[in-house]
Structure formats: structure tokens, C-alpha cells
>>> print(open('coords01.txt').read())   # compact mmCIF, N, CA and C atoms and all ligand atoms
# COMPACT_ATOMS: atom_id res chain seq x y z
N MET E 216 -6.94 -16.22 -12.73
CA MET E 216 -8.27 -16.09 -12.12
C MET E 216 -8.43 -14.70 -11.50
N PRO E 217 -9.33 -13.87 -12.02
CA PRO E 217 -9.48 -12.52 -11.46
C PRO E 217 -10.02 -12.57 -10.04
N LEU E 218 -9.55 -11.66 -9.23
CA LEU E 218 -10.00 -11.64 -7.83
C LEU E 218 -11.32 -10.89 -7.73
N LYS E 219 -12.38 -11.62 -7.74
CA LYS E 219 -13.70 -11.00 -7.57
C LYS E 219 -14.14 -11.25 -6.15
N ASN E 220 -14.39 -10.17 -5.44
CA ASN E 220 -14.66 -10.34 -4.01
C ASN E 220 -16.12 -10.18 -3.63
N GLU E 221 -16.98 -9.92 -4.61
CA GLU E 221 -18.35 -9.58 -4.24
C GLU E 221 -19.14 -10.74 -3.64
N ASN E 222 -18.74 -11.96 -3.95
CA ASN E 222 -19.49 -13.09 -3.42
C ASN E 222 -18.95 -13.64 -2.11
N LEU E 223 -18.00 -12.93 -1.54
CA LEU E 223 -17.39 -13.43 -0.32
C LEU E 223 -18.21 -13.05 0.91
N THR E 224 -18.19 -13.91 1.90
CA THR E 224 -18.82 -13.58 3.16
C THR E 224 -17.85 -12.68 3.95
N ARG E 225 -18.34 -12.14 5.05
CA ARG E 225 -17.52 -11.25 5.86
C ARG E 225 -16.27 -11.98 6.35
N ASN E 226 -16.44 -13.18 6.87
CA ASN E 226 -15.29 -13.94 7.38
C ASN E 226 -14.27 -14.23 6.29
N GLN E 227 -14.77 -14.59 5.12
CA GLN E 227 -13.86 -14.88 4.01
C GLN E 227 -13.05 -13.64 3.63
N LYS E 228 -13.72 -12.48 3.65
CA LYS E 228 -13.02 -11.22 3.32
C LYS E 228 -11.93 -10.92 4.34
N ILE E 229 -12.25 -11.15 5.62
CA ILE E 229 -11.28 -10.87 6.68
C ILE E 229 -10.04 -11.75 6.51
N VAL E 230 -10.27 -13.04 6.26
CA VAL E 230 -9.15 -13.97 6.09
C VAL E 230 -8.35 -13.60 4.84
N LEU E 231 -9.06 -13.28 3.76
CA LEU E 231 -8.40 -12.92 2.51
C LEU E 231 -7.55 -11.66 2.68
N ASP E 232 -8.10 -10.66 3.38
CA ASP E 232 -7.36 -9.41 3.60
C ASP E 232 -6.08 -9.66 4.38
N LEU E 233 -6.17 -10.52 5.39
CA LEU E 233 -4.98 -10.82 6.18
C LEU E 233 -3.90 -11.47 5.30
N LEU E 234 -4.32 -12.45 4.51
CA LEU E 234 -3.36 -13.15 3.66
C LEU E 234 -2.77 -12.24 2.58
N LYS E 235 -3.58 -11.28 2.12
CA LYS E 235 -3.12 -10.33 1.12
C LYS E 235 -1.97 -9.50 1.65
N ASN E 236 -2.03 -9.23 2.94
CA ASN E 236 -1.03 -8.35 3.54
C ASN E 236 0.12 -9.11 4.19
N THR E 237 0.18 -10.40 3.97
CA THR E 237 1.24 -11.20 4.56
C THR E 237 2.04 -11.88 3.46
N LYS E 238 3.35 -11.81 3.58
CA LYS E 238 4.20 -12.43 2.56
C LYS E 238 4.35 -13.93 2.78
N GLU E 239 4.52 -14.31 4.03
CA GLU E 239 4.75 -15.72 4.32
C GLU E 239 3.42 -16.47 4.40
N PRO E 240 3.47 -17.76 4.16
CA PRO E 240 2.26 -18.56 4.36
C PRO E 240 1.92 -18.62 5.84
N LEU E 241 0.63 -18.62 6.15
CA LEU E 241 0.20 -18.64 7.54
C LEU E 241 -0.58 -19.91 7.84
N GLY E 242 -0.36 -20.44 9.03
CA GLY E 242 -1.15 -21.56 9.48
C GLY E 242 -2.51 -21.08 9.98
N ALA E 243 -3.45 -21.99 10.07
CA ALA E 243 -4.81 -21.62 10.45
C ALA E 243 -4.87 -20.94 11.83
N TYR E 244 -4.04 -21.42 12.76
CA TYR E 244 -4.10 -20.84 14.11
C TYR E 244 -3.46 -19.46 14.15
N THR E 245 -2.45 -19.25 13.33
CA THR E 245 -1.85 -17.91 13.23
C THR E 245 -2.88 -16.95 12.63
N ILE E 246 -3.60 -17.43 11.65
CA ILE E 246 -4.65 -16.62 11.04
C ILE E 246 -5.67 -16.24 12.11
N LEU E 247 -6.06 -17.23 12.87
CA LEU E 247 -7.06 -17.00 13.92
C LEU E 247 -6.59 -15.94 14.92
N THR E 248 -5.35 -16.06 15.39
CA THR E 248 -4.84 -15.09 16.37
C THR E 248 -4.84 -13.68 15.79
N ASN E 249 -4.59 -13.59 14.50
CA ASN E 249 -4.52 -12.27 13.87
C ASN E 249 -5.87 -11.63 13.62
N ILE E 250 -6.91 -12.43 13.57
CA ILE E 250 -8.21 -11.85 13.24
C ILE E 250 -9.22 -11.96 14.38
N GLU E 251 -8.76 -12.43 15.52
CA GLU E 251 -9.65 -12.58 16.69
C GLU E 251 -10.36 -11.27 17.03
N LYS E 252 -9.62 -10.18 16.90
CA LYS E 252 -10.18 -8.86 17.21
C LYS E 252 -11.38 -8.53 16.34
N LYS E 253 -11.43 -9.15 15.17
CA LYS E 253 -12.53 -8.84 14.25
C LYS E 253 -13.74 -9.74 14.50
N GLY E 254 -13.70 -10.49 15.56
CA GLY E 254 -14.88 -11.25 15.96
C GLY E 254 -14.87 -12.70 15.53
N ILE E 255 -13.78 -13.14 14.92
CA ILE E 255 -13.69 -14.55 14.56
C ILE E 255 -12.98 -15.27 15.69
N LYS E 256 -13.72 -16.16 16.35
CA LYS E 256 -13.18 -16.75 17.56
C LYS E 256 -12.90 -18.25 17.46
N ALA E 257 -13.51 -18.89 16.48
CA ALA E 257 -13.39 -20.35 16.43
C ALA E 257 -12.56 -20.81 15.23
N PRO E 258 -11.69 -21.79 15.46
CA PRO E 258 -10.90 -22.34 14.35
C PRO E 258 -11.79 -22.78 13.17
N LEU E 259 -12.94 -23.32 13.50
CA LEU E 259 -13.84 -23.80 12.45
C LEU E 259 -14.23 -22.68 11.48
N GLN E 260 -14.42 -21.48 12.03
CA GLN E 260 -14.77 -20.34 11.17
C GLN E 260 -13.64 -20.04 10.18
N VAL E 261 -12.41 -20.18 10.69
CA VAL E 261 -11.25 -19.94 9.83
C VAL E 261 -11.17 -21.02 8.76
N TYR E 262 -11.31 -22.27 9.17
CA TYR E 262 -11.23 -23.39 8.21
C TYR E 262 -12.31 -23.29 7.14
N ARG E 263 -13.50 -22.91 7.57
CA ARG E 263 -14.60 -22.78 6.59
C ARG E 263 -14.29 -21.70 5.57
N ALA E 264 -13.81 -20.56 6.07
CA ALA E 264 -13.47 -19.46 5.17
C ALA E 264 -12.35 -19.88 4.22
N LEU E 265 -11.34 -20.57 4.77
CA LEU E 265 -10.21 -21.02 3.95
C LEU E 265 -10.66 -21.99 2.87
N ASP E 266 -11.53 -22.92 3.25
CA ASP E 266 -12.05 -23.90 2.28
C ASP E 266 -12.66 -23.21 1.07
N LYS E 267 -13.48 -22.22 1.35
CA LYS E 267 -14.15 -21.49 0.26
C LYS E 267 -13.15 -20.72 -0.58
N LEU E 268 -12.18 -20.10 0.08
CA LEU E 268 -11.19 -19.30 -0.64
C LEU E 268 -10.31 -20.19 -1.51
N ILE E 269 -10.03 -21.40 -1.02
CA ILE E 269 -9.24 -22.35 -1.80
C ILE E 269 -10.07 -22.83 -3.00
N GLU E 270 -11.33 -23.11 -2.73
CA GLU E 270 -12.23 -23.56 -3.78
C GLU E 270 -12.33 -22.54 -4.91
N SER E 271 -12.28 -21.27 -4.55
CA SER E 271 -12.43 -20.24 -5.58
C SER E 271 -11.09 -19.86 -6.19
N GLY E 272 -10.00 -20.47 -5.70
CA GLY E 272 -8.69 -20.23 -6.30
C GLY E 272 -7.99 -18.99 -5.80
N LYS E 273 -8.54 -18.32 -4.80
CA LYS E 273 -7.91 -17.10 -4.28
C LYS E 273 -6.77 -17.40 -3.34
N VAL E 274 -6.85 -18.56 -2.72
CA VAL E 274 -5.86 -18.95 -1.72
C VAL E 274 -5.41 -20.37 -2.05
N HIS E 275 -4.13 -20.66 -1.77
CA HIS E 275 -3.63 -22.02 -1.94
C HIS E 275 -3.15 -22.55 -0.60
N LYS E 276 -3.22 -23.86 -0.47
CA LYS E 276 -2.67 -24.49 0.72
C LYS E 276 -1.31 -25.07 0.36
N ILE E 277 -0.33 -24.83 1.22
CA ILE E 277 0.97 -25.47 1.04
C ILE E 277 0.98 -26.67 1.97
N GLU E 278 0.81 -27.84 1.35
CA GLU E 278 0.56 -29.05 2.13
C GLU E 278 1.65 -29.34 3.15
N SER E 279 2.91 -29.25 2.74
CA SER E 279 4.00 -29.66 3.64
C SER E 279 4.11 -28.73 4.84
N LYS E 280 3.64 -27.52 4.70
CA LYS E 280 3.74 -26.56 5.79
C LYS E 280 2.41 -26.42 6.53
N ASN E 281 1.40 -27.03 5.99
CA ASN E 281 0.08 -26.88 6.54
C ASN E 281 -0.27 -25.39 6.72
N ALA E 282 0.04 -24.64 5.67
CA ALA E 282 -0.13 -23.20 5.74
C ALA E 282 -0.80 -22.70 4.46
N TYR E 283 -1.26 -21.47 4.54
CA TYR E 283 -2.06 -20.92 3.45
C TYR E 283 -1.43 -19.64 2.92
N ILE E 284 -1.55 -19.46 1.63
CA ILE E 284 -0.96 -18.28 0.99
C ILE E 284 -1.89 -17.78 -0.09
N ILE E 285 -1.86 -16.48 -0.30
CA ILE E 285 -2.74 -15.91 -1.32
C ILE E 285 -2.20 -16.23 -2.71
N CYS E 286 -3.09 -16.40 -3.67
CA CYS E 286 -2.66 -16.64 -5.05
C CYS E 286 -2.34 -15.31 -5.70
N LYS E 287 -1.11 -15.21 -6.20
CA LYS E 287 -0.71 -13.95 -6.84
C LYS E 287 -0.61 -14.11 -8.34
N ASN E 288 -0.97 -15.27 -8.80
CA ASN E 288 -0.86 -15.55 -10.22
C ASN E 288 -2.20 -15.29 -10.89
N SER E 289 -2.27 -14.19 -11.63
CA SER E 289 -3.55 -13.80 -12.21
C SER E 289 -4.01 -14.79 -13.28
N ASN E 290 -3.07 -15.59 -13.77
CA ASN E 290 -3.45 -16.60 -14.77
C ASN E 290 -3.59 -17.99 -14.16
N CYS E 291 -3.66 -18.04 -12.87
CA CYS E 291 -3.72 -19.32 -12.19
C CYS E 291 -4.95 -20.08 -12.68
N ASN E 292 -4.68 -21.20 -13.33
CA ASN E 292 -5.83 -21.89 -13.91
C ASN E 292 -6.12 -23.22 -13.22
N SER E 293 -5.37 -23.48 -12.15
CA SER E 293 -5.63 -24.74 -11.49
C SER E 293 -6.03 -24.52 -10.04
N LEU E 294 -7.18 -24.99 -9.70
CA LEU E 294 -7.66 -24.81 -8.35
C LEU E 294 -7.17 -25.93 -7.45
N LYS E 295 -7.02 -27.11 -8.03
CA LYS E 295 -6.64 -28.27 -7.23
C LYS E 295 -5.13 -28.45 -7.18
N SER E 296 -4.45 -27.95 -8.21
CA SER E 296 -3.02 -28.16 -8.29
C SER E 296 -2.27 -26.91 -7.86
N THR E 297 -1.17 -27.12 -7.14
CA THR E 297 -0.37 -25.99 -6.71
C THR E 297 1.09 -26.28 -6.98
N SER E 298 1.85 -25.26 -7.27
CA SER E 298 3.28 -25.40 -7.53
C SER E 298 4.02 -24.25 -6.85
N PHE E 299 4.92 -24.60 -5.95
CA PHE E 299 5.62 -23.56 -5.19
C PHE E 299 7.12 -23.79 -5.15
N LEU E 300 7.83 -22.67 -5.05
CA LEU E 300 9.26 -22.69 -4.77
C LEU E 300 9.40 -22.25 -3.31
N ILE E 301 10.03 -23.06 -2.50
CA ILE E 301 10.12 -22.75 -1.07
C ILE E 301 11.58 -22.63 -0.68
N CYS E 302 11.95 -21.48 -0.12
CA CYS E 302 13.34 -21.25 0.27
C CYS E 302 13.62 -21.90 1.62
N GLU E 303 14.69 -22.70 1.66
CA GLU E 303 15.02 -23.43 2.89
C GLU E 303 15.65 -22.51 3.94
N LYS E 304 16.13 -21.36 3.48
CA LYS E 304 16.82 -20.47 4.41
C LYS E 304 15.86 -19.44 5.01
N CYS E 305 15.12 -18.74 4.17
CA CYS E 305 14.27 -17.65 4.69
C CYS E 305 12.79 -18.02 4.68
N ASP E 306 12.46 -19.22 4.24
CA ASP E 306 11.07 -19.69 4.26
C ASP E 306 10.15 -18.96 3.28
N SER E 307 10.72 -18.15 2.40
CA SER E 307 9.86 -17.45 1.46
C SER E 307 9.27 -18.46 0.46
N VAL E 308 8.06 -18.15 0.04
CA VAL E 308 7.35 -19.06 -0.86
C VAL E 308 6.91 -18.28 -2.08
N SER E 309 7.19 -18.79 -3.26
CA SER E 309 6.60 -18.15 -4.43
C SER E 309 5.95 -19.18 -5.32
N GLU E 310 4.88 -18.74 -5.93
CA GLU E 310 4.11 -19.65 -6.77
C GLU E 310 4.78 -19.75 -8.13
N ILE E 311 4.84 -20.93 -8.67
CA ILE E 311 5.40 -21.11 -10.00
C ILE E 311 4.33 -20.73 -11.01
N LYS E 312 4.66 -19.74 -11.83
CA LYS E 312 3.68 -19.26 -12.79
C LYS E 312 3.97 -19.84 -14.15
N ARG E 313 3.54 -21.03 -14.34
CA ARG E 313 3.74 -21.64 -15.64
C ARG E 313 2.50 -22.45 -15.94
N ASN E 314 1.78 -21.98 -16.93
CA ASN E 314 0.46 -22.56 -17.13
C ASN E 314 0.46 -23.92 -17.80
N ASN E 315 1.57 -24.27 -18.48
CA ASN E 315 1.53 -25.59 -19.10
C ASN E 315 2.18 -26.68 -18.24
N LEU E 316 2.45 -26.32 -16.99
CA LEU E 316 3.03 -27.29 -16.06
C LEU E 316 2.12 -28.50 -15.91
N LYS E 317 0.85 -28.21 -15.83
CA LYS E 317 -0.15 -29.26 -15.69
C LYS E 317 -0.07 -30.25 -16.86
N GLN E 318 0.06 -29.67 -18.04
CA GLN E 318 0.17 -30.46 -19.26
C GLN E 318 1.45 -31.30 -19.24
N ASP E 319 2.56 -30.65 -18.85
CA ASP E 319 3.84 -31.35 -18.79
C ASP E 319 3.77 -32.53 -17.83
N LEU E 320 3.20 -32.30 -16.67
CA LEU E 320 3.13 -33.36 -15.67
C LEU E 320 2.19 -34.47 -16.12
N SER E 321 1.18 -34.09 -16.84
CA SER E 321 0.23 -35.06 -17.35
C SER E 321 0.91 -35.98 -18.37
N ILE E 322 1.73 -35.38 -19.24
CA ILE E 322 2.48 -36.17 -20.23
C ILE E 322 3.47 -37.09 -19.54
N LEU E 323 4.16 -36.53 -18.56
CA LEU E 323 5.13 -37.29 -17.77
C LEU E 323 4.46 -38.50 -17.11
N SER E 324 3.29 -38.29 -16.56
CA SER E 324 2.56 -39.37 -15.91
C SER E 324 2.15 -40.44 -16.90
N GLU E 325 1.68 -39.96 -18.05
CA GLU E 325 1.23 -40.89 -19.09
C GLU E 325 2.33 -41.84 -19.54
N GLU E 326 3.56 -41.32 -19.53
CA GLU E 326 4.69 -42.16 -19.92
C GLU E 326 4.84 -43.37 -19.02
N SER E 327 4.35 -43.25 -17.79
CA SER E 327 4.38 -44.39 -16.87
C SER E 327 3.03 -45.08 -16.80
N GLY E 328 2.19 -44.77 -17.76
CA GLY E 328 0.87 -45.36 -17.78
C GLY E 328 0.00 -44.91 -16.62
N PHE E 329 0.29 -43.70 -16.15
CA PHE E 329 -0.39 -43.17 -14.99
C PHE E 329 -1.35 -42.08 -15.41
N ASN E 330 -2.54 -42.09 -14.82
CA ASN E 330 -3.54 -41.12 -15.20
C ASN E 330 -3.51 -39.90 -14.29
N TYR E 331 -2.98 -38.80 -14.80
CA TYR E 331 -2.80 -37.58 -14.00
C TYR E 331 -4.13 -36.96 -13.58
N ALA E 332 -4.23 -36.57 -12.33
CA ALA E 332 -5.43 -35.86 -11.88
C ALA E 332 -5.08 -34.44 -11.44
N ASN E 333 -4.18 -34.31 -10.49
CA ASN E 333 -3.72 -32.98 -10.07
C ASN E 333 -2.40 -33.12 -9.33
N HIS E 334 -1.79 -31.99 -8.97
CA HIS E 334 -0.49 -32.06 -8.31
C HIS E 334 -0.32 -30.99 -7.24
N ASN E 335 0.50 -31.31 -6.27
CA ASN E 335 0.94 -30.32 -5.28
C ASN E 335 2.46 -30.38 -5.30
N LEU E 336 3.03 -29.47 -6.05
CA LEU E 336 4.46 -29.49 -6.27
C LEU E 336 5.14 -28.49 -5.34
N GLU E 337 6.14 -28.97 -4.60
CA GLU E 337 6.87 -28.07 -3.71
C GLU E 337 8.36 -28.28 -3.97
N ILE E 338 8.98 -27.26 -4.48
CA ILE E 338 10.41 -27.36 -4.80
C ILE E 338 11.20 -26.60 -3.74
N TYR E 339 12.17 -27.28 -3.12
CA TYR E 339 12.96 -26.66 -2.06
C TYR E 339 14.33 -26.25 -2.57
N GLY E 340 14.83 -25.15 -2.03
CA GLY E 340 16.14 -24.67 -2.44
C GLY E 340 16.40 -23.30 -1.86
N LEU E 341 17.13 -22.48 -2.58
CA LEU E 341 17.43 -21.14 -2.09
C LEU E 341 16.83 -20.10 -3.03
N CYS E 342 16.19 -19.10 -2.44
CA CYS E 342 15.59 -18.04 -3.25
C CYS E 342 16.70 -17.12 -3.77
N LYS E 343 16.31 -16.18 -4.60
CA LYS E 343 17.26 -15.28 -5.24
C LYS E 343 18.11 -14.54 -4.21
N SER E 344 17.48 -14.01 -3.19
CA SER E 344 18.27 -13.21 -2.25
C SER E 344 19.13 -14.07 -1.32
N CYS E 345 18.72 -15.29 -1.04
CA CYS E 345 19.52 -16.17 -0.17
C CYS E 345 20.62 -16.89 -0.95
N GLY E 346 20.43 -17.05 -2.24
CA GLY E 346 21.36 -17.81 -3.06
C GLY E 346 22.59 -17.02 -3.46
N ASP E 347 22.51 -15.70 -3.33
CA ASP E 347 23.64 -14.87 -3.77
C ASP E 347 24.87 -15.00 -2.89
ZN ZN E 401 -2.38 -19.62 -7.84
ZN ZN E 402 15.44 -17.15 0.87
>>> encode(input="coords01.txt", output="C-alpha cells", more="lines below")
Ligand SMILES: [Zn+2]
Ligand SMILES: [Zn+2]
Amino acid sequence: MPLKNENLTRNQKIVLDLLKNTKEPLGAYTILTNIEKKGIKAPLQVYRALDKLIESGKVHKIESKNAYIICKNSNCNSLKSTSFLICEKCDSVSEIKRNNLKQDLSILSEESGFNYANHNLEIYGLCKSCGD
């Protein structure tokens, strides 16, 4: 999904810029503390901006951490589904860039007579630098 920013509101741009410059996923209140200087004072403003950014696929929510991270996968084709590798040691998060994952999981679900809709996959372990 190409990052087109022209339709973003000012608040959405501010939140997106912060996430672009941060490696780790950020919680909504951390986001708020970081952008308070720019005139965003209410958590609701942050949540609204995040909702829109998630809807457009620019940002993903990591459910287990209740935190948000920018999408770095230019081929990210799923807005509702997310797949992450999360390091248990350094907390680094990377998005799994595999476009047929959705298809694989859908087939897997079908085998159990289950109708796949979407997924939030979080795989825990050690990242490359921590695993060495
Ligand atoms: Zn993505
Ligand atoms: Zn690590």
C-alpha cells in the first residue's frame, strides 16, 4: 500500500510522523506525551487519528501490546490482518512480509471447517541480534 499522505488531517500527519521516526511500537498515551507540544492534548484526538491511520493501512495495532507501529511493508495488502515477529528480549517488532499468509491461514481454517475472516498473528521469540 503506497503511503499517500495528501488526504490526512493535521493530527493524523503528526501521529504518523512520530511513528515513522520510532522503531518500537508506541502506546496511545506515549504518543500523546510526545506530540503534546504540537497542540494535541486529548487522548481522543490520538485515538481518532490512529483509527484513521489503521483504516488506511499506514499503521498497525499490535493487540497484545496495545501499541501502534507504522507499516513498513509496501506490499501490505491486509488492513484488518496483521502479522508480527516480536522479540522477547529487546521488544523489537517486525512485520511479516508474506503476502500469501492470508491464503495459507484461510486454507488452514477451512481444514477445520472454519470460515477465515482475518488474523492478528504475533510470533514471540528472539530477533536476529538477540539470538546470536
Ligand atoms: Zn503492514
Ligand atoms: Zn531482540
>>> closest_residue(input="coords01.txt", among="E:Glu310, E:Glu278, E:Asp232, E:Asp347", to="ligand ZN 402 (chain E)", atoms="only C-alpha atoms and all ligand atoms")
E:Asp347
>>> axis_aligned_box(input="coords01.txt", around="region 283-292 of chain E", padding_each_side="8 Å", output="AutoDock Vina command-line options")
--center_x -3.4 --center_y -18.5 --center_z -5.1 --size_x 21.5 --size_y 25.4 --size_z 35.3
>>> select_by_dssp(input="coords01.txt", residues="chain E", states="helix (DSSP H, G or I)", output="ChimeraX atom specification")
/E:225-235,243-253,258-270,278-280,316-326,343-346
>>> write_last_selection(input="coords01.txt", atoms="N, CA and C atoms", output="compact mmCIF listing (two decimals), keeping the file's coordinate frame")
# COMPACT_ATOMS: atom_id res chain seq x y z
N ARG E 225 -18.34 -12.14 5.05
CA ARG E 225 -17.52 -11.25 5.86
C ARG E 225 -16.27 -11.98 6.35
N ASN E 226 -16.44 -13.18 6.87
CA ASN E 226 -15.29 -13.94 7.38
C ASN E 226 -14.27 -14.23 6.29
N GLN E 227 -14.77 -14.59 5.12
CA GLN E 227 -13.86 -14.88 4.01
C GLN E 227 -13.05 -13.64 3.63
N LYS E 228 -13.72 -12.48 3.65
CA LYS E 228 -13.02 -11.22 3.32
C LYS E 228 -11.93 -10.92 4.34
N ILE E 229 -12.25 -11.15 5.62
CA ILE E 229 -11.28 -10.87 6.68
C ILE E 229 -10.04 -11.75 6.51
N VAL E 230 -10.27 -13.04 6.26
CA VAL E 230 -9.15 -13.97 6.09
C VAL E 230 -8.35 -13.60 4.84
N LEU E 231 -9.06 -13.28 3.76
CA LEU E 231 -8.40 -12.92 2.51
C LEU E 231 -7.55 -11.66 2.68
N ASP E 232 -8.10 -10.66 3.38
CA ASP E 232 -7.36 -9.41 3.60
C ASP E 232 -6.08 -9.66 4.38
N LEU E 233 -6.17 -10.52 5.39
CA LEU E 233 -4.98 -10.82 6.18
C LEU E 233 -3.90 -11.47 5.30
N LEU E 234 -4.32 -12.45 4.51
CA LEU E 234 -3.36 -13.15 3.66
C LEU E 234 -2.77 -12.24 2.58
N LYS E 235 -3.58 -11.28 2.12
CA LYS E 235 -3.12 -10.33 1.12
C LYS E 235 -1.97 -9.50 1.65
N ALA E 243 -3.45 -21.99 10.07
CA ALA E 243 -4.81 -21.62 10.45
C ALA E 243 -4.87 -20.94 11.83
N TYR E 244 -4.04 -21.42 12.76
CA TYR E 244 -4.10 -20.84 14.11
C TYR E 244 -3.46 -19.46 14.15
N THR E 245 -2.45 -19.25 13.33
CA THR E 245 -1.85 -17.91 13.23
C THR E 245 -2.88 -16.95 12.63
N ILE E 246 -3.60 -17.43 11.65
CA ILE E 246 -4.65 -16.62 11.04
C ILE E 246 -5.67 -16.24 12.11
N LEU E 247 -6.06 -17.23 12.87
CA LEU E 247 -7.06 -17.00 13.92
C LEU E 247 -6.59 -15.94 14.92
N THR E 248 -5.35 -16.06 15.39
CA THR E 248 -4.84 -15.09 16.37
C THR E 248 -4.84 -13.68 15.79
N ASN E 249 -4.59 -13.59 14.50
CA ASN E 249 -4.52 -12.27 13.87
C ASN E 249 -5.87 -11.63 13.62
N ILE E 250 -6.91 -12.43 13.57
CA ILE E 250 -8.21 -11.85 13.24
C ILE E 250 -9.22 -11.96 14.38
N GLU E 251 -8.76 -12.43 15.52
CA GLU E 251 -9.65 -12.58 16.69
C GLU E 251 -10.36 -11.27 17.03
N LYS E 252 -9.62 -10.18 16.90
CA LYS E 252 -10.18 -8.86 17.21
C LYS E 252 -11.38 -8.53 16.34
N LYS E 253 -11.43 -9.15 15.17
CA LYS E 253 -12.53 -8.84 14.25
C LYS E 253 -13.74 -9.74 14.50
N PRO E 258 -11.69 -21.79 15.46
CA PRO E 258 -10.90 -22.34 14.35
C PRO E 258 -11.79 -22.78 13.17
N LEU E 259 -12.94 -23.32 13.50
CA LEU E 259 -13.84 -23.80 12.45
C LEU E 259 -14.23 -22.68 11.48
N GLN E 260 -14.42 -21.48 12.03
CA GLN E 260 -14.77 -20.34 11.17
C GLN E 260 -13.64 -20.04 10.18
N VAL E 261 -12.41 -20.18 10.69
CA VAL E 261 -11.25 -19.94 9.83
C VAL E 261 -11.17 -21.02 8.76
N TYR E 262 -11.31 -22.27 9.17
CA TYR E 262 -11.23 -23.39 8.21
C TYR E 262 -12.31 -23.29 7.14
N ARG E 263 -13.50 -22.91 7.57
CA ARG E 263 -14.60 -22.78 6.59
C ARG E 263 -14.29 -21.70 5.57
N ALA E 264 -13.81 -20.56 6.07
CA ALA E 264 -13.47 -19.46 5.17
C ALA E 264 -12.35 -19.88 4.22
N LEU E 265 -11.34 -20.57 4.77
CA LEU E 265 -10.21 -21.02 3.95
C LEU E 265 -10.66 -21.99 2.87
N ASP E 266 -11.53 -22.92 3.25
CA ASP E 266 -12.05 -23.90 2.28
C ASP E 266 -12.66 -23.21 1.07
N LYS E 267 -13.48 -22.22 1.35
CA LYS E 267 -14.15 -21.49 0.26
C LYS E 267 -13.15 -20.72 -0.58
N LEU E 268 -12.18 -20.10 0.08
CA LEU E 268 -11.19 -19.30 -0.64
C LEU E 268 -10.31 -20.19 -1.51
N ILE E 269 -10.03 -21.40 -1.02
CA ILE E 269 -9.24 -22.35 -1.80
C ILE E 269 -10.07 -22.83 -3.00
N GLU E 270 -11.33 -23.11 -2.73
CA GLU E 270 -12.23 -23.56 -3.78
C GLU E 270 -12.33 -22.54 -4.91
N GLU E 278 0.81 -27.84 1.35
CA GLU E 278 0.56 -29.05 2.13
C GLU E 278 1.65 -29.34 3.15
N SER E 279 2.91 -29.25 2.74
CA SER E 279 4.00 -29.66 3.64
C SER E 279 4.11 -28.73 4.84
N LYS E 280 3.64 -27.52 4.70
CA LYS E 280 3.74 -26.56 5.79
C LYS E 280 2.41 -26.42 6.53
N LEU E 316 2.45 -26.32 -16.99
CA LEU E 316 3.03 -27.29 -16.06
C LEU E 316 2.12 -28.50 -15.91
N LYS E 317 0.85 -28.21 -15.83
CA LYS E 317 -0.15 -29.26 -15.69
C LYS E 317 -0.07 -30.25 -16.86
N GLN E 318 0.06 -29.67 -18.04
CA GLN E 318 0.17 -30.46 -19.26
C GLN E 318 1.45 -31.30 -19.24
N ASP E 319 2.56 -30.65 -18.85
CA ASP E 319 3.84 -31.35 -18.79
C ASP E 319 3.77 -32.53 -17.83
N LEU E 320 3.20 -32.30 -16.67
CA LEU E 320 3.13 -33.36 -15.67
C LEU E 320 2.19 -34.47 -16.12
N SER E 321 1.18 -34.09 -16.84
CA SER E 321 0.23 -35.06 -17.35
C SER E 321 0.91 -35.98 -18.37
N ILE E 322 1.73 -35.38 -19.24
CA ILE E 322 2.48 -36.17 -20.23
C ILE E 322 3.47 -37.09 -19.54
N LEU E 323 4.16 -36.53 -18.56
CA LEU E 323 5.13 -37.29 -17.77
C LEU E 323 4.46 -38.50 -17.11
N SER E 324 3.29 -38.29 -16.56
CA SER E 324 2.56 -39.37 -15.91
C SER E 324 2.15 -40.44 -16.90
N GLU E 325 1.68 -39.96 -18.05
CA GLU E 325 1.23 -40.89 -19.09
C GLU E 325 2.33 -41.84 -19.54
N GLU E 326 3.56 -41.32 -19.53
CA GLU E 326 4.69 -42.16 -19.92
C GLU E 326 4.84 -43.37 -19.02
N LYS E 343 16.31 -16.18 -4.60
CA LYS E 343 17.26 -15.28 -5.24
C LYS E 343 18.11 -14.54 -4.21
N SER E 344 17.48 -14.01 -3.19
CA SER E 344 18.27 -13.21 -2.25
C SER E 344 19.13 -14.07 -1.32
N CYS E 345 18.72 -15.29 -1.04
CA CYS E 345 19.52 -16.17 -0.17
C CYS E 345 20.62 -16.89 -0.95
N GLY E 346 20.43 -17.05 -2.24
CA GLY E 346 21.36 -17.81 -3.06
C GLY E 346 22.59 -17.02 -3.46
>>> atom_distance(input="coords01.txt", atom1="atom C of Ile311 (chain E)", atom2="atom N of Val261 (chain E)")
27.4 Å
>>> closest_residue(input="coords01.txt", among="E:Asn335, E:Asn226, E:Ser298, E:Asn315", to="ligand ZN 401 (chain E)", atoms="only N, CA and C atoms and all ligand atoms")
E:Ser298
>>> closest_atom_pairs(input="coords01.txt", of="chain E", to="ligand ZN 401 (chain E)", cutoff="8 Å", atoms="only C-alpha atoms and all ligand atoms", output="tab-separated table")
residue	atom	partner	partner_atom	distance
E:Gly272	CA	E:ZN401	ZN	6.5
E:Lys273	CA	E:ZN401	ZN	7.0
E:Val274	CA	E:ZN401	ZN	7.1
E:His275	CA	E:ZN401	ZN	6.5
E:Ile285	CA	E:ZN401	ZN	7.5
E:Cys286	CA	E:ZN401	ZN	4.1
E:Lys287	CA	E:ZN401	ZN	6.0
E:Asn288	CA	E:ZN401	ZN	5.0
E:Ser289	CA	E:ZN401	ZN	7.4
E:Asn290	CA	E:ZN401	ZN	7.6
E:Cys291	CA	E:ZN401	ZN	4.6
E:Asn292	CA	E:ZN401	ZN	7.3
E:Ser293	CA	E:ZN401	ZN	7.1
E:Leu294	CA	E:ZN401	ZN	7.4
E:Thr297	CA	E:ZN401	ZN	6.8
E:Glu310	CA	E:ZN401	ZN	6.6
E:Lys312	CA	E:ZN401	ZN	7.8
>>> residues_near_ligand(input="coords01.txt", ligand="ligand ZN 402 (chain E)", cutoff="7 Å", atoms="only N, CA and C atoms and all ligand atoms", output="list of chain:residue names")
E:Ile301, E:Cys302, E:Glu303, E:Lys304, E:Cys305, E:Asp306, E:Ser307, E:Gly340, E:Leu341, E:Cys342, E:Lys343, E:Ser344, E:Cys345, E:Gly346
>>> residues_around(input="coords01.txt", residues="Gly254 (chain E)", least_positions_apart="3", cutoff="10 Å", atoms="only C-alpha atoms", output="NGL selection string")
:E and (226 or 229 or 247 or 250-251 or 257)
>>> closest_residue(input="coords01.txt", among="E:Lys252, E:Ile284, E:Ile277, E:Gln318", to="Leu234 (chain E)", atoms="only N, CA and C atoms")
E:Ile284
>>> residues_around(input="coords01.txt", residues="Asn330 (chain E)", least_positions_apart="5", cutoff="8 Å", atoms="all atoms listed in the file", output="number ranges by chain")
E: 321, 324-325
>>> atom_distance(input="coords01.txt", atom1="CA of Ile338 (chain E)", atom2="CA of Lys280 (chain E)")
12.5 Å
